[in-house]
Each structure stands twice: as C-alpha cells, then as structure tokens.
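S.K.: What follows is a single structure, and I will ask about it in a moment.
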Amino acid sequence: GLRVLYILPLVCGTLALNARTVIDYEGSENPSIKQASNQSTAPAFQPVDTKPSFRGGDANEFAKWVMENLNYPAEAKAAGIQGRVTLKFTVTESGKIADVIVLSGVHPALDAEAVRVISSSPDWTPGMSKGTKVPVTFTFPVIFSIKSEEKTK
C-alpha cells in the first residue's frame with residue numbers, strides 16, 4: 001500500500017505541470033478511445049488564473065480517485081502486461097471531462113481501462129481566466145503495475 005504514496009507525487013506533479021487552457025476547444029461526448037495523431041496542430045494557449053479542482057482538492061485528490069476506481073484488466077494481468085498509459089483530457093467550462101485521448105498507450109485493454117476511468121470522473125470545478133470559466137487541458141499518466149495491484153488487494 002505504501003508504493004502508492006511514491007507514485008502520487010509523480011502523478012500530481014505531472015498533472016499540475018501540464019495544465020493548459022485550450023482556446024479553440026470543441027466538446028465531445030464520445031468517451032471512445034482516440035489515439036493522438038502525429039500531425040501537430042498547436043492550439044492557442046492562455047494562462048489560467050485558477051486551475052480546475054477535483055472535489056475541492058488538488059491533483060492528489062484526483063490521483064487518489066483514479067487509483068480507487070481503476071480495474072486492472074484480467075487479460076492484461078494474466079499476460080503480465082503493465083506500464084504507463086498517458087492520456088490527454090479537457091475539463092470543460094461546465095466541469096465535465098471531454099476529449100480523452102491516448103497519447104502513449106501500452107496495450108488495448110490497459111488503454112481502454114485508462115480512458116474508461118478518466119471519462120467516468122465526477123464533475124470538476126472549472127478553471128477560471130479573468131473571471132470567466134474556461135476549458136483546461138491536462139496530460140495525465142495512468143500507471144498499471146501488477147506488483148502494486150497485488151499488494152493493494
């Protein structure tokens with residue numbers, strides 16, 4: 001159980017450092033797995049006065065929630081597949097999670113579980129810029145480790 005405490009600062013630091021506001025955001029209600037394309041169309045970014053918050057807490061609160069709701073896929077576990085799935089998602093002006101995209105995947109089953117858990121997140125308190133609610137995009141790693149999974153059960 002203590003291994004989770006070693007991972008939390010890494011996850012929280014990554015989440016905090018990668019927060020960006022996307023100006024040309026287009027919402028999507030489809031939580032299906034989307035792979036990032038190799039074509040880079042750099043959206044316009046602006047600083048955020050107040051980052052989105054999850055359940056009134058910081059990135060640690062979201063990382064804990066993800067760990068509690070993550071289900072290690074049986075087929076991947078049986079095959080000994082583990083690793084880090086890196087996702088990008090947007091917290092919209094209404095606090096909903098949208099546009100969950102796999103930036104770096106490990107295995108289809110792990111990628112799908114990471115997308116599922118992030119997409120099922122409860123609403124956040126939206127980010128603010130100059131007194132206006134704005135969409136904020138995050139990059140977030142979901143780490144699948146068989147050893148830590150066995151110790152937490």
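Chain labels run A, B, ... following the order of the structure tokens; each chain numbers its residues from 1, and ligands are numbered from 1 in the order shown.
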I'd like the contact shell of Ile81 (chain A) - 9 Å cut-off, only C-alpha atoms, skipping same-chain residues fewer than 4 positions apart - returned as a PyMOL selection string.
M.R.: chain A and resi 75-77+106-107+110+144-146
S.K.: With a distance cut-off of 12 Å and only C-alpha atoms, select the neighbouring residues of Ala78 (chain A), excluding the residue or stretch itself and same-chain residues fewer than 5 positions from it, and output the selection as a VMD selection string.
M.R.: chain A and resid 72 to 73 109 146
S.K.: If you keep N, CA, C and O atoms, can you produce a file of those selected residues as a PDB file, in the first residue's frame?
M.R.:
```pdb
ATOM      1  N   TYR A  72      -7.737  -3.379 -13.005  1.00  0.00           N
ATOM      2  CA  TYR A  72      -6.705  -3.963 -13.861  1.00  0.00           C
ATOM      3  C   TYR A  72      -7.366  -5.009 -14.758  1.00  0.00           C
ATOM      4  O   TYR A  72      -7.932  -5.976 -14.261  1.00  0.00           O
ATOM      5  N   PRO A  73      -7.309  -4.846 -16.085  1.00  0.00           N
ATOM      6  CA  PRO A  73      -7.944  -5.826 -16.972  1.00  0.00           C
ATOM      7  C   PRO A  73      -7.344  -7.220 -16.775  1.00  0.00           C
ATOM      8  O   PRO A  73      -6.126  -7.389 -16.769  1.00  0.00           O
ATOM      9  N   ALA A 109      -6.224  -3.252 -23.901  1.00  0.00           N
ATOM     10  CA  ALA A 109      -7.041  -3.418 -22.695  1.00  0.00           C
ATOM     11  C   ALA A 109      -6.687  -2.374 -21.632  1.00  0.00           C
ATOM     12  O   ALA A 109      -7.573  -1.822 -20.975  1.00  0.00           O
ATOM     13  N   ILE A 146       1.462  -4.582 -11.852  1.00  0.00           N
ATOM     14  CA  ILE A 146       0.932  -5.827 -11.291  1.00  0.00           C
ATOM     15  C   ILE A 146       1.349  -5.971  -9.832  1.00  0.00           C
ATOM     16  O   ILE A 146       0.551  -6.345  -8.997  1.00  0.00           O
TER      17      ILE A 146
END
```
S.K.: Which distance in Å separates CA of Ser119 (chain A) and CA of Asn60 (chain A), to one decimal?
M.R.: 17.7 Å
S.K.: Extract the full set of strand (DSSP E or B) residues from region 33-109 of chain A according to DSSP on the backbone, and format it as a compact mmCIF listing (two decimals) with N, CA and C atoms, in the first residue's frame.
M.R.:
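states-v4.txt, written as the output of this step:
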```txt
# COMPACT_ATOMS: atom_id res chain seq x y z
N LYS A 34 -9.49 7.42 -28.38
CA LYS A 34 -8.96 8.18 -29.50
C LYS A 34 -7.45 8.20 -29.35
N GLN A 35 -6.75 7.90 -30.41
CA GLN A 35 -5.30 7.95 -30.40
C GLN A 35 -4.88 9.32 -30.92
N PHE A 45 -2.91 28.76 -26.50
CA PHE A 45 -2.99 28.56 -25.05
C PHE A 45 -2.97 29.91 -24.37
N GLN A 46 -3.58 29.98 -23.20
CA GLN A 46 -3.53 31.18 -22.40
C GLN A 46 -3.35 30.76 -20.95
N THR A 50 -7.09 30.37 -12.22
CA THR A 50 -7.43 29.33 -11.27
C THR A 50 -7.58 28.02 -12.02
N SER A 53 -10.37 22.24 -10.12
CA SER A 53 -10.12 21.43 -8.92
C SER A 53 -11.07 20.25 -8.91
N PHE A 54 -10.59 19.16 -8.35
CA PHE A 54 -11.37 17.94 -8.27
C PHE A 54 -11.83 17.75 -6.84
N GLY A 57 -10.25 19.62 -4.01
CA GLY A 57 -8.86 19.34 -3.68
C GLY A 57 -7.93 19.64 -4.84
N GLY A 83 2.48 -1.06 -17.40
CA GLY A 83 3.12 0.13 -17.95
C GLY A 83 2.30 1.37 -17.71
N ARG A 84 2.72 2.46 -18.34
CA ARG A 84 2.09 3.77 -18.17
C ARG A 84 1.32 4.16 -19.42
N VAL A 85 0.04 4.44 -19.25
CA VAL A 85 -0.80 4.96 -20.32
C VAL A 85 -0.90 6.47 -20.08
N THR A 86 -0.44 7.26 -21.04
CA THR A 86 -0.50 8.71 -20.90
C THR A 86 -1.70 9.23 -21.70
N LEU A 87 -2.56 9.96 -21.00
CA LEU A 87 -3.79 10.48 -21.59
C LEU A 87 -3.79 12.00 -21.60
N LYS A 88 -4.57 12.54 -22.52
CA LYS A 88 -4.84 13.97 -22.53
C LYS A 88 -6.35 14.10 -22.43
N PHE A 89 -6.81 15.03 -21.57
CA PHE A 89 -8.24 15.27 -21.46
C PHE A 89 -8.48 16.74 -21.15
N THR A 90 -9.71 17.16 -21.35
CA THR A 90 -10.08 18.55 -21.10
C THR A 90 -11.15 18.60 -20.03
N VAL A 91 -10.97 19.52 -19.08
CA VAL A 91 -12.03 19.85 -18.13
C VAL A 91 -12.73 21.06 -18.74
N ILE A 97 -15.53 16.13 -18.00
CA ILE A 97 -14.35 15.62 -18.69
C ILE A 97 -14.73 15.37 -20.14
N ALA A 98 -13.90 15.82 -21.08
CA ALA A 98 -14.17 15.64 -22.51
C ALA A 98 -12.86 15.38 -23.24
N ASP A 99 -12.99 14.90 -24.45
CA ASP A 99 -11.86 14.70 -25.36
C ASP A 99 -10.71 13.90 -24.74
N VAL A 100 -11.02 12.74 -24.19
CA VAL A 100 -9.99 11.88 -23.61
C VAL A 100 -9.27 11.18 -24.76
N ILE A 101 -7.96 11.40 -24.84
CA ILE A 101 -7.15 10.87 -25.93
C ILE A 101 -5.95 10.15 -25.35
N VAL A 102 -5.62 8.98 -25.91
CA VAL A 102 -4.43 8.24 -25.51
C VAL A 102 -3.24 8.83 -26.26
N LEU A 103 -2.30 9.42 -25.52
CA LEU A 103 -1.09 9.95 -26.14
C LEU A 103 -0.04 8.86 -26.29
N SER A 104 0.05 8.01 -25.28
CA SER A 104 1.03 6.94 -25.28
C SER A 104 0.39 5.73 -24.61
```
S.K.: Go ahead and compute the interatomic distance for CA of Asp49 (chain A) and CA of Pro126 (chain A), in Å to one decimal.
M.R.: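 So the two atoms, CA of Asp49 (chain A) and CA of Pro126 (chain A), lie 11.2 Å apart.
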S.K.: Any idea what the distance is between CA of Lys96 (chain A) and CA of Thr125 (chain A)?
M.R.: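 CA of Thr125 (chain A) lies at a distance of 8.8 Å from CA of Lys96 (chain A).
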S.K.: Check the smallest atom-to-atom distance from each of A:Val134, A:Val48, A:Val117, A:Val142 to Ser94 (chain A) using only C-alpha atoms, then report the winner.
M.R.: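 Using only C-alpha atoms, Ser94 (chain A) sits closest to A:Val134.
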